[in-house]
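All remarks here apply to the structure that follows.
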Amino acid sequence: MAALICVDIDLNSADEEAGDVEGGAGEEVSSKLSIAEIMRTEMRKVKEGWDDTRWLELEELDIDDDMFVSLDLPDKCPNLLHNSEAAIIQGCTGLEICNSKFTSNYGEWALGFCGGIYDKDNAGCAHRRDCPLESVTSLDLSKRSIRNLMNKAFNPNEITSLCYLNLRGNPLDQNSLSNLLQLLKGFSCLHSLEVDIPGPLGESAAEIVEALPNLSLLNGVNTSKILEFSKSVVDSMLQPGLPEWAAGEPLTDRVINAMWLYLMTYRLADEEKRLMKRLYEYVMDELGSALRHSDKPNFRVSPFLYMPEGNLASAVSYSILWPIDDVREGDECTHDYLFGIGEEKQRSACLTAWFNTPRNYFIKEYEKYKNKLQSIKIASPIQGSSITSSLVSS
C-alpha cells in the first residue's frame with residue numbers, strides 16, 4: 001500500500017464483502033475476523049487498481065492490545081500518515097498526525113488535512129499534485145502540539161494564499177521569537193492571526209502587531225485599536241472551560257453543569273458592617289451574562305440591593321453596570337470577574353474557575369508579582385538621634 005492514511009468502513013458491508021462467517025466461534029473470533037477481513041479488503045482494493053491511498057478506521061472495533069499488535073500495521077503499511085494509536089509512531093516513519101496531534105514528521109499532508117484539502121472522502125488524491133497547499137486560505141493549527149513551525153511544507157512559497165492562521169495551544173518551543181516572526185512575515189496575504197498572549201510570539205499584543213504590520217486582526221481584535229489604545233488581548237488568550245457533554249445527557253443536566261460559569265455571588269453586612277456568613281448566588285440576565293472577562297476591563301458590575309420599605313423582606317436586587325474607561329462605538333464591554341483580587345491572593349489560579357489557563361500564564365503572572373515584591377524597598381531606619389539615645393543622654 002503506497003500510503004495508508006485511514007479507512008472508515010461500514011462493518012456490515014465489510015462482512016458482506018468478506019462473506020458470512022460461520023457462527024459458533026464466539027464473539028471475539030468474529031470480531032477478529034472482521035478486522036482481518038477489513039485489512040485484506042482494503043489491501044485487495046489497492047492491488048486491484050483502486051486509489052492507492054486508503055483511510056483505515058479501527059477506533060470503534062473494540063481492539064485490545066494483542067489484537068492491535070497482531071495487525072502489524074508498521075510492516076503492512078510503511079507509509080502510514082495518520083492513525084489513532086500512539087504506539088505505532090516509532091514504527092511508522094511517515095506518520096504525520098496521531099491522536100489529533102502533529103508528530104515531528106508532519107508535512108504537506110497534515111497541513112492539507114487541517115486546511116480542508118484531505119479528508120475521509122479525499123484521503124490523498126491531490127497528494128501528488130504540484131503545490132497542493134496553494135489554495136489553502138484558512139489554517140487552524142490550534143492544539144496540535146506543534147513544537148517546530150520551521151517546516152518545508154509550512155512555507156510562504158507553498159501556502160501562497162494563507163489569510164487566516166490559528167496557532168493557539170502550541171508550545172513552539174523549538175523556535176526562537178525572531179525566527180517565528182520572520183517566518184510569519186513571509187505570508188503576504190496573512191491578515192488574521194490567533195496566538196497565545198503571552199506565548200511563543202511574545203507577551204504584548206502591540207509588539208506582535210508592530211512586528212507583523214500586514215495583520216488586520218489579532219485574536220479577533222482590530223489591530224488599529226490595539227495600536228491606538230495599547231489594548232491587551234490577554235483575556236482572549238484564556239479559553240473558557242466549557243463542560244463536556246455526554247451523549248444522551250438531559251438538557252436540564254447540561255444547563256446545571258454549565259451554570260457555574262455564570263454564577264455571581266455577594267454577601268450582606270450587619271449594622272456594624274460585619275459580613276454575614278451566608279453567601280448569595282445569582283445569575284445576571286442575557287446582557288450581564290454575555291459580558292466577558294478582561295484583566296483590563298472598561299466596565300464594572302456590582303450587585304445593588306434596593307429596599308423600598310427599609311427591610312430585607314422588601315428588597316429587590318439589581319446589577320449596576322457603569323463604564324470606568326473611555327468606550328467608543330464598536331468596543332466590546334468587559335468586566336473583571338475577580339475585581340479586587342490580585343496575584344497575592346493567587347488571582348491567576350482563581351481564574352481556572354472560568355478558563356483553561358495555560359501553564360505559561362501562571363508562570364508569567366507569578367514572575368510579574370515576584371518582580372513587584374522585589375521592587376518594594378524596605379524603608380531605611382530614621383537617621384539621627386533615636387529614642388534610646390535621648391533617654392541615655394538624659
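If you're wondering about the labels, chains in the C-alpha cells are A, B, ... by order shown, residues count from 1 in each chain, ligands from 1 in order shown.
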
Problem set entry | stretch 332-341 of chain A surroundings by only C-alpha atoms, 10 Å radius, close-in-sequence under 2 positions cut, as a PyMOL selection string | chain A and resi 221+235+264+288+290-302+321-324+327-330+343-348+350-351+354

For this session: Going by DSSP on the backbone, which bits of stretch 143-349 of chain A are strand (DSSP E or B)? Write them as a PyMOL selection string, please.
Result: chain A and resi 164-166+192-194+199+202+217-218+221-222+239-240+263-266+269+275+280-283+292-293+299-306+316-323+334-335

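When atom CA of A:Ala246 is paired with atom CA of A:Pro358, their separation reads 24.7 Å.
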
Problem set entry | For A:Gln174, the nearest of the candidates A:Ala211, A:Met67, A:Leu149, A:Leu162, counting only C-alpha atoms |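 Of A:Ala211, A:Met67, A:Leu149, A:Leu162, the one nearest A:Gln174 is A:Leu149, counting only C-alpha atoms.
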
So that I can check the secondary structure, give me every residue of stretch 153-359 of chain A assigned alpha helix (DSSP H) by backbone DSSP, as a short mmCIF file (atom, residue, chain, number, x, y, z; two decimals) with all heavy atoms, in the first residue's frame.
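To be explicit, this is the file written out as selection.cif:
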data_model
loop_
_atom_site.label_atom_id
_atom_site.label_comp_id
_atom_site.auth_asym_id
_atom_site.auth_seq_id
_atom_site.Cartn_x
_atom_site.Cartn_y
_atom_site.Cartn_z
N LEU A 177 11.81 33.50 19.01
CA LEU A 177 10.81 34.53 18.71
C LEU A 177 11.12 35.21 17.38
O LEU A 177 10.22 35.40 16.54
CB LEU A 177 10.78 35.56 19.83
CG LEU A 177 9.93 36.82 19.60
CD1 LEU A 177 8.48 36.45 19.36
CD2 LEU A 177 10.06 37.78 20.77
N SER A 178 12.37 35.54 17.15
CA SER A 178 12.74 36.24 15.92
C SER A 178 12.49 35.37 14.69
O SER A 178 12.02 35.86 13.65
CB SER A 178 14.21 36.67 15.98
OG SER A 178 15.06 35.54 16.15
N ASN A 179 12.78 34.07 14.80
CA ASN A 179 12.57 33.18 13.66
C ASN A 179 11.08 33.01 13.35
O ASN A 179 10.68 32.94 12.17
CB ASN A 179 13.19 31.81 13.93
CG ASN A 179 14.71 31.84 13.84
OD1 ASN A 179 15.29 32.76 13.26
ND2 ASN A 179 15.36 30.86 14.44
N LEU A 180 10.26 32.93 14.39
CA LEU A 180 8.82 32.79 14.18
C LEU A 180 8.24 34.03 13.49
O LEU A 180 7.46 33.93 12.54
CB LEU A 180 8.12 32.56 15.52
CG LEU A 180 8.29 31.18 16.15
CD1 LEU A 180 7.68 31.15 17.55
CD2 LEU A 180 7.65 30.10 15.29
N LEU A 181 8.63 35.20 13.99
CA LEU A 181 8.12 36.44 13.39
C LEU A 181 8.59 36.59 11.95
O LEU A 181 7.83 37.02 11.07
CB LEU A 181 8.57 37.64 14.22
CG LEU A 181 7.95 37.76 15.62
CD1 LEU A 181 8.56 38.91 16.39
CD2 LEU A 181 6.43 37.92 15.53
N GLN A 182 9.84 36.22 11.69
CA GLN A 182 10.38 36.31 10.33
C GLN A 182 9.63 35.37 9.39
O GLN A 182 9.34 35.72 8.24
CB GLN A 182 11.87 35.96 10.34
CG GLN A 182 12.58 36.21 9.02
CD GLN A 182 12.59 37.68 8.63
OE1 GLN A 182 12.66 38.55 9.49
NE2 GLN A 182 12.51 37.96 7.33
N LEU A 183 9.28 34.17 9.89
CA LEU A 183 8.54 33.21 9.08
C LEU A 183 7.15 33.74 8.74
O LEU A 183 6.71 33.68 7.58
CB LEU A 183 8.43 31.88 9.82
CG LEU A 183 7.58 30.79 9.16
CD1 LEU A 183 8.15 30.39 7.82
CD2 LEU A 183 7.45 29.58 10.08
N LEU A 184 6.45 34.27 9.75
CA LEU A 184 5.08 34.76 9.53
C LEU A 184 5.04 35.99 8.65
O LEU A 184 4.07 36.22 7.93
CB LEU A 184 4.41 35.04 10.88
CG LEU A 184 4.19 33.82 11.79
CD1 LEU A 184 3.57 34.23 13.11
CD2 LEU A 184 3.32 32.78 11.09
N LYS A 185 6.11 36.80 8.69
CA LYS A 185 6.16 37.97 7.81
C LYS A 185 6.13 37.58 6.34
O LYS A 185 5.67 38.35 5.49
CB LYS A 185 7.45 38.76 8.08
CG LYS A 185 7.41 39.64 9.31
CD LYS A 185 8.72 40.40 9.45
CE LYS A 185 8.74 41.25 10.70
NZ LYS A 185 10.04 41.97 10.85
N ALA A 205 0.41 42.25 22.83
CA ALA A 205 -0.32 42.27 21.57
C ALA A 205 0.20 43.38 20.67
O ALA A 205 0.34 43.20 19.45
CB ALA A 205 -1.82 42.46 21.83
N ALA A 206 0.52 44.54 21.26
CA ALA A 206 1.01 45.67 20.47
C ALA A 206 2.33 45.33 19.79
O ALA A 206 2.56 45.69 18.62
CB ALA A 206 1.16 46.90 21.35
N GLU A 207 3.22 44.63 20.49
CA GLU A 207 4.52 44.27 19.91
C GLU A 207 4.35 43.30 18.75
O GLU A 207 5.06 43.38 17.75
CB GLU A 207 5.41 43.65 20.99
CG GLU A 207 5.85 44.65 22.05
CD GLU A 207 6.69 43.99 23.14
OE1 GLU A 207 6.89 42.75 23.06
OE2 GLU A 207 7.15 44.69 24.06
N ILE A 208 3.40 42.36 18.87
CA ILE A 208 3.15 41.42 17.77
C ILE A 208 2.62 42.15 16.54
O ILE A 208 3.05 41.90 15.42
CB ILE A 208 2.15 40.33 18.23
CG1 ILE A 208 2.75 39.49 19.35
CG2 ILE A 208 1.76 39.43 17.06
CD1 ILE A 208 1.80 38.46 19.93
N VAL A 209 1.70 43.08 16.78
CA VAL A 209 1.12 43.84 15.66
C VAL A 209 2.19 44.69 14.98
O VAL A 209 2.23 44.79 13.75
CB VAL A 209 -0.03 44.74 16.17
CG1 VAL A 209 -0.49 45.69 15.08
CG2 VAL A 209 -1.19 43.88 16.65
N GLU A 210 3.07 45.29 15.77
CA GLU A 210 4.14 46.10 15.18
C GLU A 210 5.11 45.24 14.38
O GLU A 210 5.65 45.69 13.36
CB GLU A 210 4.88 46.83 16.29
CG GLU A 210 4.04 47.94 16.94
CD GLU A 210 4.74 48.54 18.15
OE1 GLU A 210 5.80 48.01 18.54
OE2 GLU A 210 4.22 49.54 18.70
N ALA A 211 5.34 44.00 14.84
CA ALA A 211 6.26 43.11 14.13
C ALA A 211 5.64 42.52 12.87
O ALA A 211 6.36 42.16 11.94
CB ALA A 211 6.72 41.99 15.06
N THR A 223 -6.43 45.42 14.71
CA THR A 223 -5.07 45.83 15.06
C THR A 223 -4.94 47.33 15.23
O THR A 223 -4.10 47.81 16.00
CB THR A 223 -4.08 45.35 13.98
OG1 THR A 223 -4.52 45.81 12.69
CG2 THR A 223 -3.98 43.83 13.96
N SER A 224 -5.77 48.11 14.53
CA SER A 224 -5.71 49.56 14.70
C SER A 224 -6.09 49.97 16.11
O SER A 224 -5.52 50.91 16.69
CB SER A 224 -6.63 50.25 13.68
OG SER A 224 -7.97 49.85 13.86
N LYS A 225 -7.05 49.23 16.71
CA LYS A 225 -7.45 49.53 18.09
C LYS A 225 -6.35 49.11 19.07
O LYS A 225 -6.13 49.78 20.09
CB LYS A 225 -8.74 48.80 18.42
CG LYS A 225 -9.96 49.34 17.69
CD LYS A 225 -11.23 48.63 18.14
CE LYS A 225 -12.45 49.21 17.45
NZ LYS A 225 -13.70 48.53 17.87
N ILE A 226 -5.68 48.02 18.75
CA ILE A 226 -4.59 47.57 19.62
C ILE A 226 -3.49 48.62 19.66
O ILE A 226 -2.96 48.96 20.73
CB ILE A 226 -4.03 46.22 19.14
CG1 ILE A 226 -5.10 45.13 19.26
CG2 ILE A 226 -2.79 45.83 19.93
CD1 ILE A 226 -4.67 43.79 18.73
N LEU A 227 -3.14 49.16 18.51
CA LEU A 227 -2.08 50.17 18.46
C LEU A 227 -2.53 51.50 19.05
O LEU A 227 -1.76 52.19 19.71
CB LEU A 227 -1.64 50.37 17.01
CG LEU A 227 -0.94 49.18 16.35
CD1 LEU A 227 -0.67 49.47 14.88
CD2 LEU A 227 0.36 48.85 17.07
N GLU A 228 -3.80 51.84 18.85
CA GLU A 228 -4.29 53.13 19.32
C GLU A 228 -4.47 53.18 20.82
O GLU A 228 -4.12 54.15 21.48
CB GLU A 228 -5.63 53.46 18.65
CG GLU A 228 -6.18 54.83 19.01
CD GLU A 228 -7.47 55.14 18.27
OE1 GLU A 228 -7.91 54.30 17.45
OE2 GLU A 228 -8.04 56.22 18.53
N PHE A 229 -4.98 52.10 21.38
CA PHE A 229 -5.28 52.10 22.81
C PHE A 229 -4.36 51.18 23.60
O PHE A 229 -4.53 51.01 24.81
CB PHE A 229 -6.73 51.66 23.05
CG PHE A 229 -7.73 52.50 22.32
CD1 PHE A 229 -8.45 51.98 21.25
CD2 PHE A 229 -7.96 53.80 22.70
CE1 PHE A 229 -9.38 52.75 20.57
CE2 PHE A 229 -8.89 54.58 22.02
CZ PHE A 229 -9.60 54.06 20.96
N VAL A 234 -4.87 39.72 26.45
CA VAL A 234 -4.62 38.60 27.34
C VAL A 234 -5.91 37.84 27.61
O VAL A 234 -5.92 36.61 27.68
CB VAL A 234 -4.01 39.10 28.68
CG1 VAL A 234 -3.96 37.98 29.69
CG2 VAL A 234 -2.61 39.63 28.44
N ASP A 235 -7.03 38.56 27.76
CA ASP A 235 -8.28 37.90 28.10
C ASP A 235 -8.72 36.95 27.00
O ASP A 235 -9.30 35.92 27.27
CB ASP A 235 -9.38 38.93 28.36
CG ASP A 235 -9.47 39.96 27.25
OD1 ASP A 235 -8.64 40.88 27.24
OD2 ASP A 235 -10.37 39.84 26.42
N SER A 236 -8.47 37.29 25.74
CA SER A 236 -8.90 36.41 24.65
C SER A 236 -8.00 35.18 24.56
O SER A 236 -8.33 34.22 23.88
CB SER A 236 -8.89 37.15 23.32
OG SER A 236 -7.59 37.59 23.00
N MET A 237 -6.84 35.21 25.25
CA MET A 237 -5.98 34.04 25.26
C MET A 237 -6.59 32.94 26.11
O MET A 237 -6.42 31.76 25.85
CB MET A 237 -4.60 34.42 25.83
CG MET A 237 -3.67 33.23 26.04
SD MET A 237 -2.38 33.58 27.23
CE MET A 237 -3.34 33.75 28.72
N LEU A 251 -31.11 17.85 28.90
CA LEU A 251 -30.84 19.27 28.77
C LEU A 251 -30.74 19.95 30.12
O LEU A 251 -29.91 20.84 30.32
CB LEU A 251 -31.94 19.92 27.93
CG LEU A 251 -31.82 21.42 27.69
CD1 LEU A 251 -30.52 21.75 26.98
CD2 LEU A 251 -33.01 21.94 26.90
N THR A 252 -31.58 19.53 31.07
CA THR A 252 -31.54 20.14 32.40
C THR A 252 -30.18 19.92 33.07
O THR A 252 -29.64 20.83 33.71
CB THR A 252 -32.64 19.55 33.29
OG1 THR A 252 -32.56 18.11 33.27
CG2 THR A 252 -34.01 19.98 32.81
N ASP A 253 -29.61 18.73 32.89
CA ASP A 253 -28.29 18.45 33.47
C ASP A 253 -27.22 19.29 32.80
O ASP A 253 -26.27 19.74 33.45
CB ASP A 253 -27.95 16.96 33.33
CG ASP A 253 -28.83 16.08 34.21
OD1 ASP A 253 -29.49 16.63 35.12
OD2 ASP A 253 -28.85 14.85 34.00
N ARG A 254 -27.34 19.49 31.50
CA ARG A 254 -26.36 20.31 30.79
C ARG A 254 -26.39 21.75 31.28
O ARG A 254 -25.35 22.39 31.45
CB ARG A 254 -26.63 20.26 29.28
CG ARG A 254 -26.41 18.90 28.65
CD ARG A 254 -26.52 18.97 27.14
NE ARG A 254 -26.24 17.67 26.51
CZ ARG A 254 -26.09 17.49 25.22
NH1 ARG A 254 -26.20 18.52 24.40
NH2 ARG A 254 -25.84 16.29 24.73
N VAL A 255 -27.60 22.27 31.50
CA VAL A 255 -27.74 23.64 31.98
C VAL A 255 -27.13 23.78 33.37
O VAL A 255 -26.40 24.73 33.66
CB VAL A 255 -29.22 24.07 31.98
CG1 VAL A 255 -29.38 25.42 32.67
CG2 VAL A 255 -29.76 24.13 30.56
N ILE A 256 -27.42 22.82 34.24
CA ILE A 256 -26.90 22.86 35.61
C ILE A 256 -25.37 22.78 35.61
O ILE A 256 -24.69 23.49 36.36
CB ILE A 256 -27.50 21.73 36.46
CG1 ILE A 256 -29.00 21.98 36.68
CG2 ILE A 256 -26.78 21.60 37.80
CD1 ILE A 256 -29.72 20.87 37.38
N ASN A 257 -24.80 21.94 34.75
CA ASN A 257 -23.35 21.80 34.70
C ASN A 257 -22.67 23.04 34.14
O ASN A 257 -21.52 23.34 34.48
CB ASN A 257 -22.97 20.59 33.83
CG ASN A 257 -23.32 19.28 34.49
OD1 ASN A 257 -23.40 19.19 35.73
ND2 ASN A 257 -23.55 18.24 33.70
N ALA A 258 -23.39 23.79 33.29
CA ALA A 258 -22.80 24.98 32.67
C ALA A 258 -23.03 26.25 33.47
O ALA A 258 -22.33 27.25 33.28
CB ALA A 258 -23.34 25.16 31.25
N GLU A 286 -29.44 38.17 30.22
CA GLU A 286 -28.70 37.87 29.00
C GLU A 286 -27.57 38.86 28.76
O GLU A 286 -26.47 38.47 28.34
CB GLU A 286 -29.65 37.88 27.79
CG GLU A 286 -30.71 36.79 27.81
CD GLU A 286 -31.97 37.20 28.54
OE1 GLU A 286 -31.91 38.18 29.32
OE2 GLU A 286 -33.00 36.56 28.33
N LEU A 287 -27.82 40.14 29.02
CA LEU A 287 -26.80 41.15 28.80
C LEU A 287 -25.64 40.98 29.78
O LEU A 287 -24.48 40.95 29.37
CB LEU A 287 -27.39 42.55 28.94
CG LEU A 287 -26.38 43.72 28.87
CD1 LEU A 287 -25.69 43.73 27.52
CD2 LEU A 287 -27.07 45.05 29.14
N GLY A 288 -25.95 40.86 31.05
CA GLY A 288 -24.90 40.72 32.05
C GLY A 288 -24.09 39.46 31.87
O GLY A 288 -22.86 39.46 32.03
N SER A 289 -24.76 38.34 31.54
CA SER A 289 -24.06 37.07 31.37
C SER A 289 -23.20 37.05 30.11
O SER A 289 -22.28 36.24 29.99
CB SER A 289 -25.07 35.91 31.32
OG SER A 289 -25.76 35.80 32.55
N ALA A 290 -23.50 37.94 29.16
CA ALA A 290 -22.72 37.99 27.92
C ALA A 290 -21.43 38.78 28.09
O ALA A 290 -20.55 38.72 27.21
CB ALA A 290 -23.56 38.60 26.80
N ARG A 347 -4.58 35.17 42.07
CA ARG A 347 -5.58 35.56 41.07
C ARG A 347 -5.54 34.64 39.85
O ARG A 347 -6.59 34.19 39.37
CB ARG A 347 -5.34 37.01 40.64
CG ARG A 347 -6.23 37.47 39.49
CD ARG A 347 -5.83 38.86 39.04
NE ARG A 347 -6.56 39.25 37.84
CZ ARG A 347 -7.75 39.83 37.85
NH1 ARG A 347 -8.35 40.08 39.00
NH2 ARG A 347 -8.34 40.16 36.73
N SER A 348 -4.34 34.37 39.34
CA SER A 348 -4.23 33.55 38.12
C SER A 348 -4.78 32.16 38.34
O SER A 348 -5.34 31.55 37.42
CB SER A 348 -2.77 33.49 37.65
OG SER A 348 -1.95 32.92 38.65
N ALA A 349 -4.63 31.62 39.56
CA ALA A 349 -5.17 30.30 39.85
C ALA A 349 -6.69 30.35 39.97
O ALA A 349 -7.40 29.43 39.54
CB ALA A 349 -4.56 29.75 41.14
N CYS A 350 -7.21 31.44 40.55
CA CYS A 350 -8.67 31.58 40.70
C CYS A 350 -9.37 31.64 39.35
O CYS A 350 -10.54 31.24 39.22
CB CYS A 350 -8.99 32.82 41.52
SG CYS A 350 -8.48 32.73 43.26
N ARG A 359 -0.23 26.86 31.23
CA ARG A 359 0.82 26.86 32.24
C ARG A 359 1.66 28.14 32.19
O ARG A 359 2.02 28.70 33.23
CB ARG A 359 1.72 25.64 32.04
CG ARG A 359 2.82 25.49 33.09
CD ARG A 359 3.54 24.15 32.93
NE ARG A 359 4.60 23.99 33.91
CZ ARG A 359 5.85 24.36 33.73
NH1 ARG A 359 6.20 24.93 32.57
NH2 ARG A 359 6.76 24.18 34.66
#

For this session: Would you mind listing what lies within 12 Å of A:Arg144 as a list in words, with only C-alpha atoms counted and same-chain residues fewer than 4 positions away left out?
Result: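 The residues that qualify are Glu96, Ile97, Cys98, Asn99, Ser100, Lys101, Phe102, Thr103, Ser104, Tyr106, Ala110, Leu111, Cys114, Leu139, Asp140, Asn148, Leu149, Asn166, Leu167, Arg168, Gly169, Asn170, Pro171 and Leu172 of chain A.
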
Given the selection you just returned, output its residues as a file containing C-alpha atoms, formatted as a CSV table (one decimal), in the first residue's frame.
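Ended up saving to part-v4.csv:
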chain,number,residue,atom,x,y,z
A,96,GLU,CA,2.2,12.9,10.4
A,97,ILE,CA,-0.8,13.0,12.8
A,98,CYS,CA,-1.5,10.9,15.9
A,99,ASN,CA,-4.5,11.4,18.2
A,100,SER,CA,-5.1,14.8,16.5
A,101,LYS,CA,-1.5,15.9,17.4
A,102,PHE,CA,1.2,16.6,14.8
A,103,THR,CA,4.2,14.4,15.0
A,104,SER,CA,7.7,15.6,14.3
A,106,TYR,CA,4.3,16.4,9.9
A,110,ALA,CA,-1.0,17.1,7.9
A,111,LEU,CA,-1.3,20.8,6.8
A,114,CYS,CA,-6.1,20.9,8.6
A,139,LEU,CA,-5.5,27.1,8.5
A,140,ASP,CA,-6.5,26.1,12.0
A,148,ASN,CA,8.7,23.4,15.5
A,149,LEU,CA,7.0,25.6,12.9
A,166,ASN,CA,-4.6,29.9,14.3
A,167,LEU,CA,-1.6,28.8,16.4
A,168,ARG,CA,-3.2,28.7,19.8
A,169,GLY,CA,-2.2,25.9,22.2
A,170,ASN,CA,1.1,25.0,20.5
A,171,PRO,CA,4.4,25.3,22.5
A,172,LEU,CA,6.6,26.2,19.5

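Taking atom CA of A:Leu212 and atom CA of A:Thr137 as the two end points, the separation is 17.9 Å.
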